Amino acid sequence: MIGESVLFSVFLIFTGAALLATVALYARQSLLIAYIALGVLCGPSGFGLVDDPHLIEDIAHVGIIFLLFLLGVDMCPRKLLELMREAIGVTLASTLVFALLGYGIAAALGLSQPDCLLVGIATTLSSTIISLKLLPTTVLHHRHTGEVIISILLLQDLLAIVALLYLHTIAGGEVSWLQNTVQFAGLPALFLGGLLAERVVLRPLFHRFDKVGEYVFLLALGWCLGFAQLAQSLGLSYEVGAFIGGVTLANSPIALFIADSLRPLRDFFLVMFFFALGAGFNLGSAGDVWPGALALALAVVLVKPLTYRILFRNFGESRILAGEAGVRLGQMSEFSLLLVAVALQVQVMSTKAGALVQLATLITFVISSTVVVFRYPNPIALSERLRRD
C-alpha cells in the first residue's frame with residue numbers, strides 16, 4: 001500500500017510536471033511556477049490527489065537534503081575567502097535593512113513581537129536554490145558575478161544554519177549545557193573534519209578512479225548521506241550535514257566534474273522540492289493573510305534588488321554587475337520556509353505569521369524567477385539569446 005502511494009505520487013509529480021511545464025513554456029512562464037502550481041493542485045488544498053502530509057514532508061525532506069548537498073558542491077570556501085571583506089559588508093548591511101523591513105511590515109499587520117522578529121529573520125535571506133538554479137555555470141560561475149552571488153549566499157546560509165540550530169535546540173526542550181556545547185561545537189568540527197577527510201580519503205580515491213563515472217556518482221552520494229547522518233548524530237540536522245558535506249567536497253579539484261555529473265539529480269530533486277512547497281501550502285490560511293503576504297512580497301522584490309545594487313556599488317562593483325546580482329538575489333529563501341516550519345513546530349510562531357511568510361516566499365519565488373528568466377542569461381530562458389546552461 002505504501003509502495004503504491006509513493007509510486008502514484010512520483011507519477012503525479014513528474015507526469016504532471018511535464019504537462020504543466022509544457023503549458024508554462026507556451027505561456028512563456030518560468031518552469032518553477034509550473035512545479036509549485038502542480039503541488040498546489042495535487043496537494044490537500046487542491047484536488048487532494050496527494051493527501052498524506054507525512055509523504056509530502058518526506059518528499060520535501062529528501063529533496064532538501066540532496067539539494068543542499070548539491071548547492072554546497074558549488075560553493076568553494078576559497079571563493080568566500082577571496083571576497084571576504086565585500087561579502088561580510090554586504091551581508092551584514094543587507095541583513096539589517098531586510099530584517100527591519102520584515103519586522104516593520106509584520107508590526108504594521110498587528111503581529112506579536114516574537115512573530116515580527118521571526119518574520120524579519122525570514123525576510124533577510126535570499127534563495128540559494130533559485131539563485132543558483134538560474135545561474136548558468138558556463139557563463140557566470142567562473143566569473144566575478146557568480147563569485148559575488150555565491151559568497152553572499154554562502155554567508156546567508158551560514159547565518160540561517162545558526163538560526164536553525166537555535167530553533168532545533170528549543171525544539172529539544174530542556175537540554176544540558178553539554179548537549180548545547182556538542183551541538184554548537186559540532187558545526188565547525190564537522191566542517192574542519194570534512195575538509196581533512198576530503199584531502200586524505202576522498203582525493204586519492206577520486207584521483208585513482210575518476211574515470212569510472214558510476215563510482216564517482218556513488219562516492220559523492222555516500223559522502224552526502226554520511227555527513228547528513230553524522231550531523232544528526234551530533235544533534236544537528238540532516239540538512240545542515242548535507243550542506244557541509246557539499247561545501248567540503250567543493251574543495252576537491254574535481255568538484256566541477258562532480259557538480260556537472262550530479263546535475264540531472266539536482267533537476268530531479270528541484271522538481272520534487274517545488275512540488276512539495278506547493279503541496280504543503282494551505283490555501284485556506286492564505287485567505288486571511290494574502291494582503292499582508294502580497295505587501296511583504298512586493299516590498300522584498302522591490303527593496304532587495306535596489307539595496308543590493310547600492311551596496312555592491314559602494315564596494316566598487318560595476319553598475320551592470322550590481323544591478324544583475326541584486327535582481328538575482330531579490331527574493332526570500334527556502335531557508336525562510338525551513339525556519340518557519342521549525343518555529344511552528346516549537347510553537348514560538350503563530351500560525352498566521354507562518355502562513356504569511358510561506359505565501360510571501362512563494363510569491364517572491366514566482367516574481368523573481370520570472371524576472372530573471374526574461375532578463376538575464378539562465379539555463380531555462382525562453383529566449384535563445386538568454387539561454388545558457
# chains A, B, ... in the order shown; residues from 1 in each chain; ligands from 1

call {"tool": "residues_around", "arguments": {"residues": "region 195-201 of chain A", "least_positions_apart": "3", "cutoff": "12 Å", "atoms": "only C-alpha atoms", "output": "PyMOL selection string"}}
result
chain A and resi 76-77+188-192+204-208+219-220+223+227+244-255

call {"tool": "write_last_selection", "arguments": {"atoms": "N, CA and C atoms", "output": "compact mmCIF listing (two decimals), in the first residue's frame"}}
result
# COMPACT_ATOMS: atom_id res chain seq x y z
N CYS A 76 32.67 26.82 -3.27
CA CYS A 76 34.05 26.60 -2.83
C CYS A 76 34.41 27.61 -1.73
N PRO A 77 34.93 27.14 -0.58
CA PRO A 77 35.29 28.06 0.50
C PRO A 77 36.31 29.11 0.07
N PRO A 188 31.55 23.55 13.48
CA PRO A 188 32.92 23.74 12.96
C PRO A 188 33.72 22.44 12.94
N ALA A 189 33.46 21.54 13.90
CA ALA A 189 34.18 20.27 13.91
C ALA A 189 33.84 19.44 12.68
N LEU A 190 32.56 19.43 12.32
CA LEU A 190 32.13 18.69 11.14
C LEU A 190 32.75 19.27 9.88
N PHE A 191 32.81 20.59 9.82
CA PHE A 191 33.37 21.25 8.64
C PHE A 191 34.87 20.99 8.52
N LEU A 192 35.61 21.20 9.60
CA LEU A 192 37.06 21.01 9.56
C LEU A 192 37.41 19.53 9.35
N PRO A 204 42.50 10.98 -2.88
CA PRO A 204 43.22 9.85 -3.51
C PRO A 204 42.28 8.90 -4.26
N LEU A 205 41.08 8.67 -3.70
CA LEU A 205 40.13 7.78 -4.37
C LEU A 205 39.66 8.36 -5.70
N PHE A 206 39.32 9.66 -5.68
CA PHE A 206 38.91 10.32 -6.91
C PHE A 206 40.03 10.30 -7.95
N HIS A 207 41.25 10.53 -7.48
CA HIS A 207 42.39 10.58 -8.39
C HIS A 207 42.61 9.22 -9.07
N ARG A 208 42.38 8.15 -8.31
CA ARG A 208 42.64 6.81 -8.86
C ARG A 208 41.50 6.29 -9.72
N LEU A 219 30.17 7.55 -4.76
CA LEU A 219 31.00 8.07 -3.69
C LEU A 219 30.51 9.43 -3.23
N ALA A 220 30.07 10.28 -4.19
CA ALA A 220 29.55 11.60 -3.84
C ALA A 220 28.26 11.49 -3.03
N TRP A 223 29.02 10.25 0.44
CA TRP A 223 29.57 11.36 1.22
C TRP A 223 28.45 12.26 1.75
N PHE A 227 27.52 12.48 5.79
CA PHE A 227 27.57 13.73 6.55
C PHE A 227 26.21 14.06 7.16
N ILE A 244 27.10 20.97 4.64
CA ILE A 244 28.52 20.99 5.00
C ILE A 244 29.29 19.97 4.18
N GLY A 245 28.69 18.79 3.98
CA GLY A 245 29.34 17.78 3.15
C GLY A 245 29.59 18.29 1.74
N GLY A 246 28.62 19.01 1.19
CA GLY A 246 28.80 19.57 -0.15
C GLY A 246 29.89 20.62 -0.19
N VAL A 247 29.92 21.51 0.82
CA VAL A 247 30.93 22.57 0.85
C VAL A 247 32.33 21.98 0.97
N THR A 248 32.49 20.94 1.81
CA THR A 248 33.82 20.32 1.93
C THR A 248 34.21 19.62 0.64
N LEU A 249 33.25 19.05 -0.07
CA LEU A 249 33.54 18.41 -1.34
C LEU A 249 33.88 19.44 -2.41
N ALA A 250 33.36 20.66 -2.26
CA ALA A 250 33.66 21.73 -3.22
C ALA A 250 35.14 22.07 -3.22
N ASN A 251 35.84 21.69 -2.17
CA ASN A 251 37.27 21.95 -2.07
C ASN A 251 38.09 20.99 -2.94
N SER A 252 37.44 19.95 -3.47
CA SER A 252 38.14 18.96 -4.29
C SER A 252 38.46 19.51 -5.67
N PRO A 253 39.59 19.10 -6.25
CA PRO A 253 39.94 19.57 -7.61
C PRO A 253 38.93 19.16 -8.66
N ILE A 254 38.17 18.08 -8.42
CA ILE A 254 37.20 17.65 -9.43
C ILE A 254 35.77 18.01 -9.01
N ALA A 255 35.64 19.05 -8.17
CA ALA A 255 34.31 19.46 -7.72
C ALA A 255 33.41 19.86 -8.88

call {"tool": "residues_around", "arguments": {"residues": "Tyr308 (chain A)", "least_positions_apart": "5", "cutoff": "10 Å", "atoms": "only C-alpha atoms", "output": "NGL selection string"}}
result
:A and (90-91 or 93-94 or 303 or 313-314 or 322-330)

call {"tool": "residues_around", "arguments": {"residues": "region 286-294 of chain A", "least_positions_apart": "3", "cutoff": "9 Å", "atoms": "only C-alpha atoms", "output": "list in words"}}
result
Ile105, Ala106, Leu109, Phe281, Asn282, Leu283, Ala297, Leu298, Ala299, Lys352, Ala353, Ala355, Leu356, Val357, Gln358, Leu359, Ala360, Thr361 and Ile363 of chain A

call {"tool": "atom_distance", "arguments": {"atom1": "CA of Thr128 (chain A)", "atom2": "CA of Arg203 (chain A)"}}
result
26.7 Å

call {"tool": "residues_around", "arguments": {"residues": "Ala18 (chain A)", "least_positions_apart": "4", "cutoff": "10 Å", "atoms": "only C-alpha atoms", "output": "CSV table (one decimal) with N, CA and C atoms, in the first residue's frame"}}
result
chain,number,residue,atom,x,y,z
A,12,LEU,N,2.4,11.3,-10.3
A,12,LEU,CA,1.7,12.6,-10.4
A,12,LEU,C,2.8,13.8,-10.5
A,13,ILE,N,3.8,13.7,-9.8
A,13,ILE,CA,4.8,14.8,-9.8
A,13,ILE,C,5.4,14.9,-11.2
A,14,PHE,N,5.9,13.9,-11.7
A,14,PHE,CA,6.7,14.0,-13.0
A,14,PHE,C,5.9,14.0,-14.2
A,22,THR,N,5.0,22.1,-20.1
A,22,THR,CA,4.6,22.4,-21.5
A,22,THR,C,3.8,23.6,-21.6
A,23,VAL,N,2.7,23.7,-20.7
A,23,VAL,CA,1.8,24.8,-20.7
A,23,VAL,C,2.6,26.1,-20.4
A,24,ALA,N,3.5,26.0,-19.4
A,24,ALA,CA,4.3,27.2,-18.9
A,24,ALA,C,5.2,27.7,-20.1
A,31,LEU,N,9.5,27.6,-15.4
A,31,LEU,CA,9.2,26.2,-15.1
A,31,LEU,C,9.0,26.1,-13.6
A,34,ALA,N,5.4,26.3,-12.7
A,34,ALA,CA,4.7,25.1,-13.0
A,34,ALA,C,4.8,24.1,-11.9
A,35,TYR,N,6.0,23.9,-11.4
A,35,TYR,CA,6.2,22.9,-10.3
A,35,TYR,C,5.4,23.3,-9.1

call {"tool": "closest_residue", "arguments": {"among": "A:Ser131, A:Thr123, A:Ala17, A:Leu154", "to": "Leu81 (chain A)", "atoms": "only C-alpha atoms"}}
result
A:Leu154

call {"tool": "select_by_dssp", "arguments": {"residues": "region 226-324 of chain A", "states": "helix (DSSP H, G or I)", "output": "ChimeraX atom specification"}}
result
/A:226-233,238-249,255-261,263-279,283-314,319-324

call {"tool": "residues_around", "arguments": {"residues": "Ile121 (chain A)", "least_positions_apart": "2", "cutoff": "10 Å", "atoms": "only C-alpha atoms", "output": "count of residues only"}}
result
22

call {"tool": "closest_residue", "arguments": {"among": "A:Gly146, A:Leu70, A:Gly89, A:Ala242", "to": "Leu311 (chain A)", "atoms": "only C-alpha atoms"}}
result
A:Gly89

call {"tool": "atom_distance", "arguments": {"atom1": "CA of Ile367 (chain A)", "atom2": "CA of Arg309 (chain A)"}}
result
18.2 Å
